[in-house]
>>> print(open('run_28.tsv').read())   # TSV, C-alpha atoms
chain	number	residue	atom	x	y	z
A	535	MET	CA	38.56	106.13	19.97
A	536	MET	CA	38.22	107.73	16.50
A	537	ALA	CA	40.95	110.22	17.32
A	538	CYS	CA	43.22	107.38	18.35
A	539	LEU	CA	42.41	105.49	15.13
A	540	ARG	CA	43.09	108.60	13.02
A	541	ALA	CA	46.43	109.05	14.76
A	542	THR	CA	47.32	105.44	14.15
A	543	MET	CA	46.36	105.65	10.46
A	544	PHE	CA	48.29	108.91	10.08
A	545	GLY	CA	51.33	107.30	11.65
A	546	LEU	CA	51.03	104.29	9.36
A	547	VAL	CA	50.73	106.50	6.29
A	548	CYS	CA	53.81	108.45	7.35
A	549	LEU	CA	55.70	105.26	7.98
A	550	LEU	CA	54.79	103.85	4.57
A	551	SER	CA	55.65	107.14	2.88
A	552	PHE	CA	59.00	107.16	4.64
A	553	ALA	CA	59.67	103.53	3.67
A	554	ALA	CA	58.71	104.24	0.07
A	555	GLY	CA	61.26	107.02	0.01
A	556	ILE	CA	64.07	104.83	1.29
A	557	ALA	CA	64.54	102.62	-1.77
A	558	PRO	CA	65.14	105.43	-4.31
A	559	SER	CA	67.55	107.31	-2.05
A	560	SER	CA	69.46	104.19	-1.04
A	561	ALA	CA	69.61	103.03	-4.65
A	562	ALA	CA	70.62	106.48	-5.82
A	563	ASP	CA	73.85	106.42	-3.82
A	564	TYR	CA	74.52	102.69	-4.19
A	565	PRO	CA	77.08	101.54	-3.31
A	566	ASN	CA	78.10	103.81	-0.45
A	567	ARG	CA	80.20	101.16	1.32
A	568	PRO	CA	82.16	98.04	0.27
A	569	VAL	CA	80.26	95.20	-1.42
A	570	ARG	CA	81.03	91.56	-0.57
A	571	TRP	CA	81.14	89.19	-3.54
A	572	LEU	CA	81.07	85.57	-2.36
A	573	ILE	CA	82.90	82.99	-4.47
A	574	GLY	CA	82.33	79.27	-3.90
A	575	PHE	CA	85.84	78.22	-4.88
A	576	THR	CA	89.45	78.66	-3.83
A	577	ALA	CA	91.63	81.59	-4.81
A	578	GLY	CA	93.59	81.21	-8.04
A	579	GLY	CA	91.09	79.10	-9.97
A	580	PRO	CA	89.19	80.21	-13.09
A	581	VAL	CA	86.08	81.34	-11.19
A	582	ASP	CA	88.18	83.35	-8.77
A	583	THR	CA	90.17	84.89	-11.63
A	584	VAL	CA	87.05	86.06	-13.48
A	585	ALA	CA	85.55	87.45	-10.27
A	586	ARG	CA	88.67	89.44	-9.45
A	587	ILE	CA	88.89	90.89	-12.96
A	588	MET	CA	85.28	92.04	-12.75
A	589	ALA	CA	85.52	93.14	-9.11
A	590	GLN	CA	88.44	95.43	-9.88
A	591	TRP	CA	86.53	97.03	-12.76
A	592	LEU	CA	83.42	97.53	-10.60
A	593	SER	CA	85.52	98.95	-7.76
A	594	ASP	CA	87.07	101.50	-10.11
A	595	HIS	CA	83.70	102.27	-11.70
A	596	PHE	CA	81.78	102.86	-8.46
A	597	GLY	CA	84.58	104.18	-6.28
A	598	GLN	CA	83.73	101.53	-3.69
A	599	GLN	CA	85.47	98.21	-3.17
A	600	PHE	CA	83.86	95.03	-4.49
A	601	VAL	CA	85.62	92.57	-2.20
A	602	VAL	CA	85.99	88.99	-3.43
A	603	GLU	CA	85.44	86.61	-0.54
A	604	ASN	CA	86.31	82.94	-1.12
A	605	ARG	CA	83.97	80.49	0.65
A	606	ALA	CA	85.14	77.20	-0.85
A	607	GLY	CA	83.58	73.82	-0.16
A	608	SER	CA	80.55	71.63	-0.83
A	609	GLY	CA	80.59	72.36	-4.56
A	610	GLY	CA	79.99	76.07	-3.99
A	611	ASN	CA	77.02	75.50	-1.66
A	612	ILE	CA	78.73	77.09	1.35
A	613	ALA	CA	79.06	80.39	-0.50
A	614	ALA	CA	75.51	80.17	-1.87
A	615	ALA	CA	74.02	79.54	1.59
A	616	ALA	CA	76.03	82.42	3.07
A	617	ALA	CA	74.83	84.79	0.35
A	618	ILE	CA	71.20	83.67	0.59
A	619	ASN	CA	71.23	84.21	4.36
A	620	SER	CA	72.69	87.73	4.05
A	621	PRO	CA	70.59	90.92	4.16
A	622	PRO	CA	69.04	91.60	0.72
A	623	ASP	CA	70.45	95.10	0.52
A	624	GLY	CA	72.79	94.80	-2.47
A	625	TYR	CA	75.92	94.64	-0.35
A	626	THR	CA	76.29	90.87	-0.62
A	627	LEU	CA	76.47	89.33	-4.08
A	628	LEU	CA	77.11	85.76	-5.21
A	629	PHE	CA	79.23	84.59	-8.12
A	630	VAL	CA	77.02	82.19	-10.09
A	631	ALA	CA	78.42	79.29	-12.10
A	632	PRO	CA	77.17	75.89	-13.35
A	633	ASN	CA	77.57	74.35	-9.90
A	634	ASN	CA	74.57	76.38	-8.71
A	635	ALA	CA	72.38	74.84	-11.41
A	636	ILE	CA	73.78	71.35	-10.82
A	637	SER	CA	73.52	71.35	-7.01
A	638	THR	CA	69.74	71.74	-7.11
A	639	SER	CA	69.32	68.12	-8.19
A	640	LEU	CA	72.67	66.59	-7.18
A	641	TYR	CA	72.45	67.48	-3.48
A	642	LYS	CA	69.46	65.95	-1.73
A	643	LYS	CA	69.51	68.04	1.47
A	644	LEU	CA	70.24	71.61	0.43
A	645	PRO	CA	69.02	74.15	2.99
A	646	TYR	CA	67.80	76.45	0.22
A	647	ASP	CA	66.20	76.52	-3.21
A	648	PHE	CA	68.57	78.47	-5.43
A	649	ILE	CA	66.03	79.78	-7.93
A	650	ARG	CA	63.46	80.62	-5.24
A	651	ASP	CA	65.93	82.22	-2.82
A	652	THR	CA	68.02	84.37	-5.17
A	653	VAL	CA	67.44	87.03	-7.78
A	654	PRO	CA	69.43	87.08	-11.02
A	655	VAL	CA	71.56	90.18	-11.46
A	656	ALA	CA	73.88	89.88	-14.46
A	657	SER	CA	75.58	87.47	-16.83
A	658	ILE	CA	79.32	87.90	-17.33
A	659	MET	CA	80.64	85.28	-19.74
A	660	GLN	CA	80.67	81.69	-20.97
A	661	LEU	CA	83.59	79.29	-20.78
A	662	THR	CA	84.22	75.75	-21.96
A	663	ASN	CA	85.96	72.95	-20.10
A	664	MET	CA	88.75	70.82	-21.55
A	665	MET	CA	89.33	67.09	-21.21
A	666	VAL	CA	92.99	66.64	-20.25
A	667	ILE	CA	95.08	63.60	-19.31
A	668	PRO	CA	98.64	62.89	-18.14
A	669	THR	CA	101.18	62.83	-20.95
A	670	SER	CA	102.27	59.41	-19.68
A	671	LEU	CA	98.88	57.88	-20.43
A	672	PRO	CA	99.20	55.95	-23.73
A	673	VAL	CA	96.29	57.65	-25.53
A	674	LYS	CA	96.12	60.67	-27.82
A	675	THR	CA	92.46	60.98	-28.81
A	676	VAL	CA	89.04	60.81	-27.17
A	677	GLN	CA	88.31	57.51	-28.89
A	678	GLU	CA	91.61	56.03	-27.69
A	679	PHE	CA	90.75	57.15	-24.15
A	680	ILE	CA	87.36	55.42	-24.36
A	681	ASP	CA	89.05	52.25	-25.62
A	682	TYR	CA	91.63	52.47	-22.82
A	683	CYS	CA	88.89	52.76	-20.16
A	684	LYS	CA	87.05	49.76	-21.55
A	685	ALA	CA	90.26	47.73	-21.67
A	686	ASN	CA	91.08	48.69	-18.06
A	687	PRO	CA	87.80	48.52	-16.13
A	688	GLY	CA	88.04	49.87	-12.59
A	689	LYS	CA	91.51	51.28	-13.12
A	690	VAL	CA	90.67	54.78	-14.38
A	691	SER	CA	89.86	57.69	-12.06
A	692	PHE	CA	88.71	61.20	-12.89
A	693	ALA	CA	89.50	64.25	-10.80
A	694	SER	CA	87.17	67.17	-10.16
A	695	SER	CA	87.22	70.50	-8.37
A	696	GLY	CA	84.50	69.24	-6.05
A	697	ASN	CA	81.10	67.54	-6.03
A	698	GLY	CA	78.53	69.32	-8.15
A	699	THR	CA	80.94	71.42	-10.18
A	700	SER	CA	80.85	71.50	-13.97
A	701	VAL	CA	84.22	69.71	-13.84
A	702	HIS	CA	82.55	66.83	-11.96
A	703	MET	CA	79.38	66.67	-14.03
A	704	SER	CA	81.18	66.94	-17.37
A	705	ALA	CA	82.88	63.66	-16.48
A	706	GLU	CA	79.60	62.10	-15.33
A	707	LEU	CA	78.01	63.07	-18.64
A	708	PHE	CA	80.97	61.55	-20.48
A	709	LYS	CA	80.58	58.32	-18.48
A	710	ALA	CA	76.86	58.17	-19.17
A	711	LEU	CA	77.21	58.70	-22.92
A	712	THR	CA	80.20	56.39	-23.45
A	713	LYS	CA	79.37	53.69	-20.85
A	714	VAL	CA	82.95	53.73	-19.53
A	715	GLU	CA	83.88	53.04	-15.91
A	716	MET	CA	85.68	55.80	-14.00
A	717	THR	CA	86.00	56.51	-10.28
A	718	HIS	CA	85.39	60.04	-9.05
A	719	VAL	CA	88.13	61.67	-6.93
A	720	PRO	CA	87.00	65.15	-5.77
A	721	TYR	CA	89.56	67.79	-4.79
A	722	ARG	CA	89.24	71.17	-3.12
A	723	GLY	CA	89.67	73.03	-6.39
A	724	SER	CA	91.26	72.12	-9.71
A	725	SER	CA	94.68	73.42	-8.74
A	726	ALA	CA	94.84	70.86	-5.93
A	727	ALA	CA	94.18	68.06	-8.42
A	728	MET	CA	96.95	68.97	-10.84
A	729	PRO	CA	99.92	67.27	-9.10
A	730	ASP	CA	98.06	63.95	-8.95
A	731	LEU	CA	96.92	64.31	-12.55
A	732	ILE	CA	100.38	65.14	-13.85
A	733	SER	CA	101.83	62.13	-11.98
A	734	ASN	CA	99.05	59.85	-13.33
A	735	LYS	CA	97.56	59.08	-9.90
A	736	VAL	CA	94.29	60.16	-11.52
A	737	GLN	CA	93.87	59.81	-15.25
A	738	VAL	CA	91.61	62.60	-16.49
A	739	ILE	CA	89.91	65.86	-15.58
A	740	PHE	CA	87.34	67.89	-17.51
A	741	ASP	CA	88.69	71.15	-16.18
A	742	ASN	CA	87.80	74.78	-16.80
A	743	LEU	CA	89.73	75.97	-19.84
A	744	PRO	CA	92.25	78.42	-18.29
A	745	LEU	CA	94.10	76.04	-15.97
A	746	ALA	CA	93.78	73.07	-18.33
A	747	LEU	CA	95.11	75.05	-21.28
A	748	GLU	CA	98.01	76.36	-19.21
A	749	GLN	CA	99.08	72.79	-18.43
A	750	VAL	CA	98.58	71.65	-22.04
A	751	ARG	CA	100.58	74.54	-23.45
A	752	GLY	CA	103.27	73.87	-20.83
A	753	GLY	CA	103.52	70.25	-21.92
A	754	THR	CA	102.60	68.72	-18.56
A	755	LEU	CA	99.18	67.47	-19.69
A	756	ARG	CA	97.61	66.40	-22.99
A	757	GLY	CA	94.40	68.01	-24.22
A	758	LEU	CA	91.97	65.61	-25.85
A	759	GLY	CA	88.93	67.79	-26.41
A	760	VAL	CA	86.84	70.78	-25.35
A	761	THR	CA	83.38	70.27	-23.88
A	762	SER	CA	81.58	72.85	-26.03
A	763	PRO	CA	79.50	71.44	-28.91
A	764	GLN	CA	81.96	72.91	-31.42
A	765	ARG	CA	85.62	73.86	-31.25
A	766	TRP	CA	86.24	76.85	-29.00
A	767	PRO	CA	87.68	80.18	-30.24
A	768	GLY	CA	91.36	80.50	-29.38
A	769	VAL	CA	91.94	76.74	-29.12
A	770	LEU	CA	90.77	75.57	-32.52
A	771	ASP	CA	93.59	73.02	-32.63
A	772	ILE	CA	91.78	71.05	-29.90
A	773	PRO	CA	88.74	69.09	-31.18
A	774	ALA	CA	85.37	69.08	-29.44
A	775	VAL	CA	84.63	65.92	-27.47
A	776	ALA	CA	81.28	65.94	-29.30
A	777	GLU	CA	83.13	65.13	-32.54
A	778	THR	CA	83.64	61.67	-31.04
A	779	VAL	CA	80.75	61.52	-28.53
A	780	PRO	CA	77.59	62.94	-30.17
A	781	GLY	CA	75.42	64.97	-27.79
A	782	PHE	CA	78.22	65.74	-25.36
A	783	GLU	CA	78.05	69.40	-24.26
A	784	SER	CA	79.08	71.28	-21.14
A	785	VAL	CA	79.56	75.05	-21.47
A	786	GLY	CA	79.93	77.03	-18.26
A	787	PHE	CA	78.08	80.27	-17.55
A	788	TYR	CA	79.39	82.87	-15.10
A	789	GLY	CA	77.34	85.65	-13.57
A	790	ILE	CA	75.99	87.37	-10.48
A	791	SER	CA	72.98	86.74	-8.26
A	792	ALA	CA	71.83	88.31	-5.00
A	793	PRO	CA	69.63	87.29	-2.05
A	794	LYS	CA	65.90	87.30	-2.72
A	795	GLY	CA	64.42	90.67	-1.85
A	796	THR	CA	67.34	92.73	-3.12
A	797	PRO	CA	65.79	95.96	-4.48
A	798	PRO	CA	65.22	95.90	-8.26
A	799	GLU	CA	66.80	99.36	-8.51
A	800	ILE	CA	70.08	97.99	-7.15
A	801	VAL	CA	69.89	94.92	-9.38
A	802	ASP	CA	69.49	97.26	-12.35
A	803	ILE	CA	72.46	99.39	-11.29
A	804	VAL	CA	74.79	96.39	-11.05
A	805	ASN	CA	73.47	94.88	-14.29
A	806	LYS	CA	74.09	98.07	-16.23
A	807	ALA	CA	77.58	98.40	-14.75
A	808	VAL	CA	78.47	94.83	-15.78
A	809	GLY	CA	77.11	95.59	-19.25
A	810	GLU	CA	79.40	98.60	-19.47
A	811	ALA	CA	82.34	96.51	-18.26
A	812	LEU	CA	81.74	93.97	-21.04
A	813	LYS	CA	82.12	96.79	-23.59
A	814	ASP	CA	85.53	97.75	-22.19
A	815	PRO	CA	88.15	96.42	-24.65
A	816	LYS	CA	90.73	95.95	-21.90
A	817	LEU	CA	88.41	93.88	-19.71
A	818	VAL	CA	87.17	91.87	-22.70
A	819	ALA	CA	90.78	91.15	-23.65
A	820	ARG	CA	91.54	89.92	-20.13
A	821	LEU	CA	88.54	87.58	-20.24
A	822	GLY	CA	89.67	86.44	-23.68
A	823	ASP	CA	93.10	85.62	-22.30
A	824	ILE	CA	91.50	82.91	-20.15
A	825	GLY	CA	89.22	81.71	-22.94
A	826	GLY	CA	86.05	83.51	-21.90
A	827	ILE	CA	83.39	84.86	-24.26
A	828	PRO	CA	81.48	87.89	-22.85
A	829	LYS	CA	77.71	87.30	-22.58
A	830	PRO	CA	75.88	90.38	-21.25
A	831	MET	CA	72.19	89.77	-20.46
A	832	THR	CA	69.27	91.44	-18.73
A	833	PRO	CA	68.47	90.09	-15.25
A	834	ALA	CA	65.41	88.31	-16.68
A	835	ALA	CA	67.41	86.67	-19.48
A	836	PHE	CA	70.08	85.55	-17.03
A	837	GLY	CA	67.40	84.14	-14.75
A	838	LYS	CA	66.01	82.12	-17.66
A	839	LEU	CA	69.49	80.81	-18.46
A	840	VAL	CA	69.97	79.64	-14.87
A	841	ALA	CA	66.54	77.97	-14.88
A	842	ASP	CA	67.24	76.27	-18.23
A	843	GLU	CA	70.64	75.04	-17.05
A	844	THR	CA	69.10	73.76	-13.82
A	845	GLU	CA	66.65	71.64	-15.81
A	846	LYS	CA	69.37	70.45	-18.20
A	847	TRP	CA	71.63	69.26	-15.39
A	848	ARG	CA	68.73	67.67	-13.52
A	849	LYS	CA	68.31	65.35	-16.50
A	850	VAL	CA	72.05	64.60	-16.55
A	851	VAL	CA	72.10	63.87	-12.80
A	852	GLU	CA	69.17	61.49	-13.18
A	853	PHE	CA	70.65	59.86	-16.28
A	854	ALA	CA	74.02	59.40	-14.59
A	855	GLY	CA	72.39	58.17	-11.38
A	856	VAL	CA	74.58	60.25	-9.06
A	857	SER	CA	73.70	62.11	-5.87
A	858	VAL	CA	75.33	63.69	-2.83
A	859	ASP	CA	73.71	63.60	0.62
>>> encode(input="run_28.tsv", output="structure tokens")
Amino acid sequence: MMACLRATMFGLVCLLSFAAGIAPSSAADYPNRPVRWLIGFTAGGPVDTVARIMAQWLSDHFGQQFVVENRAGSGGNIAAAAAINSPPDGYTLLFVAPNNAISTSLYKKLPYDFIRDTVPVASIMQLTNMMVIPTSLPVKTVQEFIDYCKANPGKVSFASSGNGTSVHMSAELFKALTKVEMTHVPYRGSSAAMPDLISNKVQVIFDNLPLALEQVRGGTLRGLGVTSPQRWPGVLDIPAVAETVPGFESVGFYGISAPKGTPPEIVDIVNKAVGEALKDPKLVARLGDIGGIPKPMTPAAFGKLVADETEKWRKVVEFAGVSVD
């Protein structure tokens, strides 16, 4: 009996020793195969663009492909669920954006708890949205738009890139603070909304800066304001909405998370690589071209940012009285 027990204990000790040795060796050669990076939005949008810029840099840096995989739908929740349900081995990452903080309170039946079920990996950058309207709409300022909405109750619609996105909730915050009436028309990505916006079938979108600015500079849409609390670098000719609507603020954060249980050593490897990328002048310039401001952070600091944004948007969701089943 004692001999059997000793053999069992010896086997257990060996097994634990072997398991303890796995993490360092697997982390030491990470990544040794392609890494999937799940994106909750369609190809060609701002989120996808940032992910592909960073994925190319990481692929070159590690000598392994970081493959961007678009899983659009449900405000980014399809991608989040797929990532959370993947093995926590560092080979599935999730692109994190404001929708992940917003969905926690906006969606009433999520099959996961984002903060509980993921680990923060790295922050990439911040980006503002821009309030844009058709050039045929007879308004040229934020105040004129507010007056137009109040003079035309029930006749103004706002587009979004999907329920729970920062594009959606920026408009809800605007509605709550100005008391205007607007009907929400969600699209499968901002690009899909543009034809209807340009033709005045919908009257406004609070879109991520890159696509909105492209349309404004091209003369197809009119920019009324940025959603950051102050004017945004690179577009200082566009006022902040907050100059007309005090307290209005919606600044997007972009980063990386992984399934809960992903080894800390791998999290640290990816975080340090992203930090190096954000020191690369060429990559920083590419992010700057789409209006992004690099924001490197430790995993812990990024986790705090996500938690703080989750609480902020919970208050907005409650204040606006919106929800999605």
>>> residues_near_point(input="run_28.tsv", point="(85.3, 88.4, -23.3)", cutoff="12 Å", atoms="only C-alpha atoms", output="PyMOL selection string")
chain A and resi 584+587-588+657-661+767-768+788+809+811-830
>>> atom_distance(input="run_28.tsv", atom1="atom CA of A:Pro720", atom2="atom CA of A:Gly837")
28.7 Å
>>> residues_near_point(input="run_28.tsv", point="(71.5, 91.4, 4.2)", cutoff="12 Å", atoms="all atoms listed in the file", output="list of chain:residue names")
A:Val569, A:Arg570, A:Ala616, A:Ala617, A:Ile618, A:Asn619, A:Ser620, A:Pro621, A:Pro622, A:Asp623, A:Gly624, A:Tyr625, A:Thr626, A:Leu627, A:Ala792, A:Pro793, A:Lys794, A:Gly795, A:Thr796, A:Pro797
>>> residues_around(input="run_28.tsv", residues="stretch 678-688 of chain A", least_positions_apart="2", cutoff="8 Å", atoms="only C-alpha atoms", output="PyMOL selection string")
chain A and resi 673-676+690+712+714-717
>>> residues_around(input="run_28.tsv", residues="A:Gly855", least_positions_apart="6", cutoff="10 Å", atoms="all atoms listed in the file", output="list in words")
Leu640, Glu706, Ala710 and Lys849 of chain A
>>> closest_atom_pairs(input="run_28.tsv", of="stretch 780-805 of chain A", to="stretch 737-747 of chain A", cutoff="10 Å", atoms="all atoms listed in the file", output="Markdown table")
| residue | atom | partner | partner_atom | distance |
| --- | --- | --- | --- | --- |
| A:Ser784 | CA | A:Phe740 | CA | 9.6 |
| A:Val785 | CA | A:Asn742 | CA | 9.5 |
| A:Gly786 | CA | A:Asn742 | CA | 8.3 |
>>> atom_distance(input="run_28.tsv", atom1="atom CA of A:Val750", atom2="atom CA of A:Lys689")
23.3 Å
>>> build_atoms(input="run_28.tsv", residues="stretch 773-801 of chain A", atoms="N, CA and C atoms", output="PDB file, in the coordinates of the input")
ATOM      1  N   PRO A 773      90.089  69.456 -30.718  1.00  0.00           N
ATOM      2  CA  PRO A 773      88.740  69.090 -31.180  1.00  0.00           C
ATOM      3  C   PRO A 773      87.714  69.161 -30.067  1.00  0.00           C
ATOM      4  N   ALA A 774      86.444  69.201 -30.421  1.00  0.00           N
ATOM      5  CA  ALA A 774      85.370  69.080 -29.440  1.00  0.00           C
ATOM      6  C   ALA A 774      85.166  67.609 -29.121  1.00  0.00           C
ATOM      7  N   VAL A 775      84.919  67.304 -27.848  1.00  0.00           N
ATOM      8  CA  VAL A 775      84.630  65.920 -27.470  1.00  0.00           C
ATOM      9  C   VAL A 775      83.429  65.409 -28.267  1.00  0.00           C
ATOM     10  N   ALA A 776      82.497  66.313 -28.566  1.00  0.00           N
ATOM     11  CA  ALA A 776      81.280  65.940 -29.300  1.00  0.00           C
ATOM     12  C   ALA A 776      81.581  65.409 -30.703  1.00  0.00           C
ATOM     13  N   GLU A 777      82.760  65.692 -31.228  1.00  0.00           N
ATOM     14  CA  GLU A 777      83.130  65.130 -32.540  1.00  0.00           C
ATOM     15  C   GLU A 777      83.265  63.617 -32.459  1.00  0.00           C
ATOM     16  N   THR A 778      83.532  63.117 -31.264  1.00  0.00           N
ATOM     17  CA  THR A 778      83.640  61.670 -31.040  1.00  0.00           C
ATOM     18  C   THR A 778      82.429  61.126 -30.283  1.00  0.00           C
ATOM     19  N   VAL A 779      81.888  61.937 -29.361  1.00  0.00           N
ATOM     20  CA  VAL A 779      80.750  61.520 -28.530  1.00  0.00           C
ATOM     21  C   VAL A 779      79.568  62.437 -28.838  1.00  0.00           C
ATOM     22  N   PRO A 780      78.719  62.077 -29.794  1.00  0.00           N
ATOM     23  CA  PRO A 780      77.590  62.940 -30.170  1.00  0.00           C
ATOM     24  C   PRO A 780      76.695  63.269 -28.969  1.00  0.00           C
ATOM     25  N   GLY A 781      76.295  64.541 -28.878  1.00  0.00           N
ATOM     26  CA  GLY A 781      75.420  64.970 -27.790  1.00  0.00           C
ATOM     27  C   GLY A 781      76.139  65.443 -26.551  1.00  0.00           C
ATOM     28  N   PHE A 782      77.460  65.304 -26.529  1.00  0.00           N
ATOM     29  CA  PHE A 782      78.220  65.740 -25.360  1.00  0.00           C
ATOM     30  C   PHE A 782      78.382  67.254 -25.395  1.00  0.00           C
ATOM     31  N   GLU A 783      77.940  67.935 -24.333  1.00  0.00           N
ATOM     32  CA  GLU A 783      78.050  69.400 -24.260  1.00  0.00           C
ATOM     33  C   GLU A 783      78.057  69.859 -22.816  1.00  0.00           C
ATOM     34  N   SER A 784      79.017  70.699 -22.471  1.00  0.00           N
ATOM     35  CA  SER A 784      79.080  71.280 -21.140  1.00  0.00           C
ATOM     36  C   SER A 784      79.790  72.629 -21.239  1.00  0.00           C
ATOM     37  N   VAL A 785      79.008  73.691 -21.360  1.00  0.00           N
ATOM     38  CA  VAL A 785      79.560  75.050 -21.470  1.00  0.00           C
ATOM     39  C   VAL A 785      79.183  75.809 -20.200  1.00  0.00           C
ATOM     40  N   GLY A 786      80.169  76.342 -19.521  1.00  0.00           N
ATOM     41  CA  GLY A 786      79.930  77.030 -18.260  1.00  0.00           C
ATOM     42  C   GLY A 786      79.431  78.446 -18.450  1.00  0.00           C
ATOM     43  N   PHE A 787      78.554  78.882 -17.560  1.00  0.00           N
ATOM     44  CA  PHE A 787      78.080  80.270 -17.550  1.00  0.00           C
ATOM     45  C   PHE A 787      78.507  80.901 -16.229  1.00  0.00           C
ATOM     46  N   TYR A 788      78.946  82.142 -16.294  1.00  0.00           N
ATOM     47  CA  TYR A 788      79.390  82.870 -15.100  1.00  0.00           C
ATOM     48  C   TYR A 788      78.560  84.148 -14.982  1.00  0.00           C
ATOM     49  N   GLY A 789      78.130  84.441 -13.763  1.00  0.00           N
ATOM     50  CA  GLY A 789      77.340  85.650 -13.570  1.00  0.00           C
ATOM     51  C   GLY A 789      77.205  86.014 -12.108  1.00  0.00           C
ATOM     52  N   ILE A 790      76.200  86.835 -11.820  1.00  0.00           N
ATOM     53  CA  ILE A 790      75.990  87.370 -10.480  1.00  0.00           C
ATOM     54  C   ILE A 790      74.530  87.203 -10.081  1.00  0.00           C
ATOM     55  N   SER A 791      74.302  86.745  -8.859  1.00  0.00           N
ATOM     56  CA  SER A 791      72.980  86.740  -8.260  1.00  0.00           C
ATOM     57  C   SER A 791      73.060  87.436  -6.907  1.00  0.00           C
ATOM     58  N   ALA A 792      71.901  87.659  -6.308  1.00  0.00           N
ATOM     59  CA  ALA A 792      71.830  88.310  -5.000  1.00  0.00           C
ATOM     60  C   ALA A 792      70.715  87.654  -4.187  1.00  0.00           C
ATOM     61  N   PRO A 793      70.707  87.867  -2.871  1.00  0.00           N
ATOM     62  CA  PRO A 793      69.630  87.290  -2.050  1.00  0.00           C
ATOM     63  C   PRO A 793      68.257  87.785  -2.502  1.00  0.00           C
ATOM     64  N   LYS A 794      67.265  86.907  -2.394  1.00  0.00           N
ATOM     65  CA  LYS A 794      65.900  87.300  -2.720  1.00  0.00           C
ATOM     66  C   LYS A 794      65.488  88.510  -1.889  1.00  0.00           C
ATOM     67  N   GLY A 795      64.831  89.453  -2.531  1.00  0.00           N
ATOM     68  CA  GLY A 795      64.420  90.670  -1.850  1.00  0.00           C
ATOM     69  C   GLY A 795      65.329  91.849  -2.092  1.00  0.00           C
ATOM     70  N   THR A 796      66.460  91.617  -2.770  1.00  0.00           N
ATOM     71  CA  THR A 796      67.340  92.730  -3.120  1.00  0.00           C
ATOM     72  C   THR A 796      66.575  93.702  -4.007  1.00  0.00           C
ATOM     73  N   PRO A 797      66.588  95.002  -3.716  1.00  0.00           N
ATOM     74  CA  PRO A 797      65.790  95.960  -4.480  1.00  0.00           C
ATOM     75  C   PRO A 797      66.081  95.922  -5.976  1.00  0.00           C
ATOM     76  N   PRO A 798      65.032  95.928  -6.802  1.00  0.00           N
ATOM     77  CA  PRO A 798      65.220  95.900  -8.260  1.00  0.00           C
ATOM     78  C   PRO A 798      66.085  97.047  -8.768  1.00  0.00           C
ATOM     79  N   GLU A 799      65.992  98.212  -8.077  1.00  0.00           N
ATOM     80  CA  GLU A 799      66.800  99.360  -8.510  1.00  0.00           C
ATOM     81  C   GLU A 799      68.283  99.053  -8.397  1.00  0.00           C
ATOM     82  N   ILE A 800      68.667  98.341  -7.340  1.00  0.00           N
ATOM     83  CA  ILE A 800      70.080  97.990  -7.150  1.00  0.00           C
ATOM     84  C   ILE A 800      70.499  96.919  -8.138  1.00  0.00           C
ATOM     85  N   VAL A 801      69.616  95.946  -8.370  1.00  0.00           N
ATOM     86  CA  VAL A 801      69.890  94.920  -9.380  1.00  0.00           C
ATOM     87  C   VAL A 801      70.160  95.580 -10.731  1.00  0.00           C
TER      88      VAL A 801
END
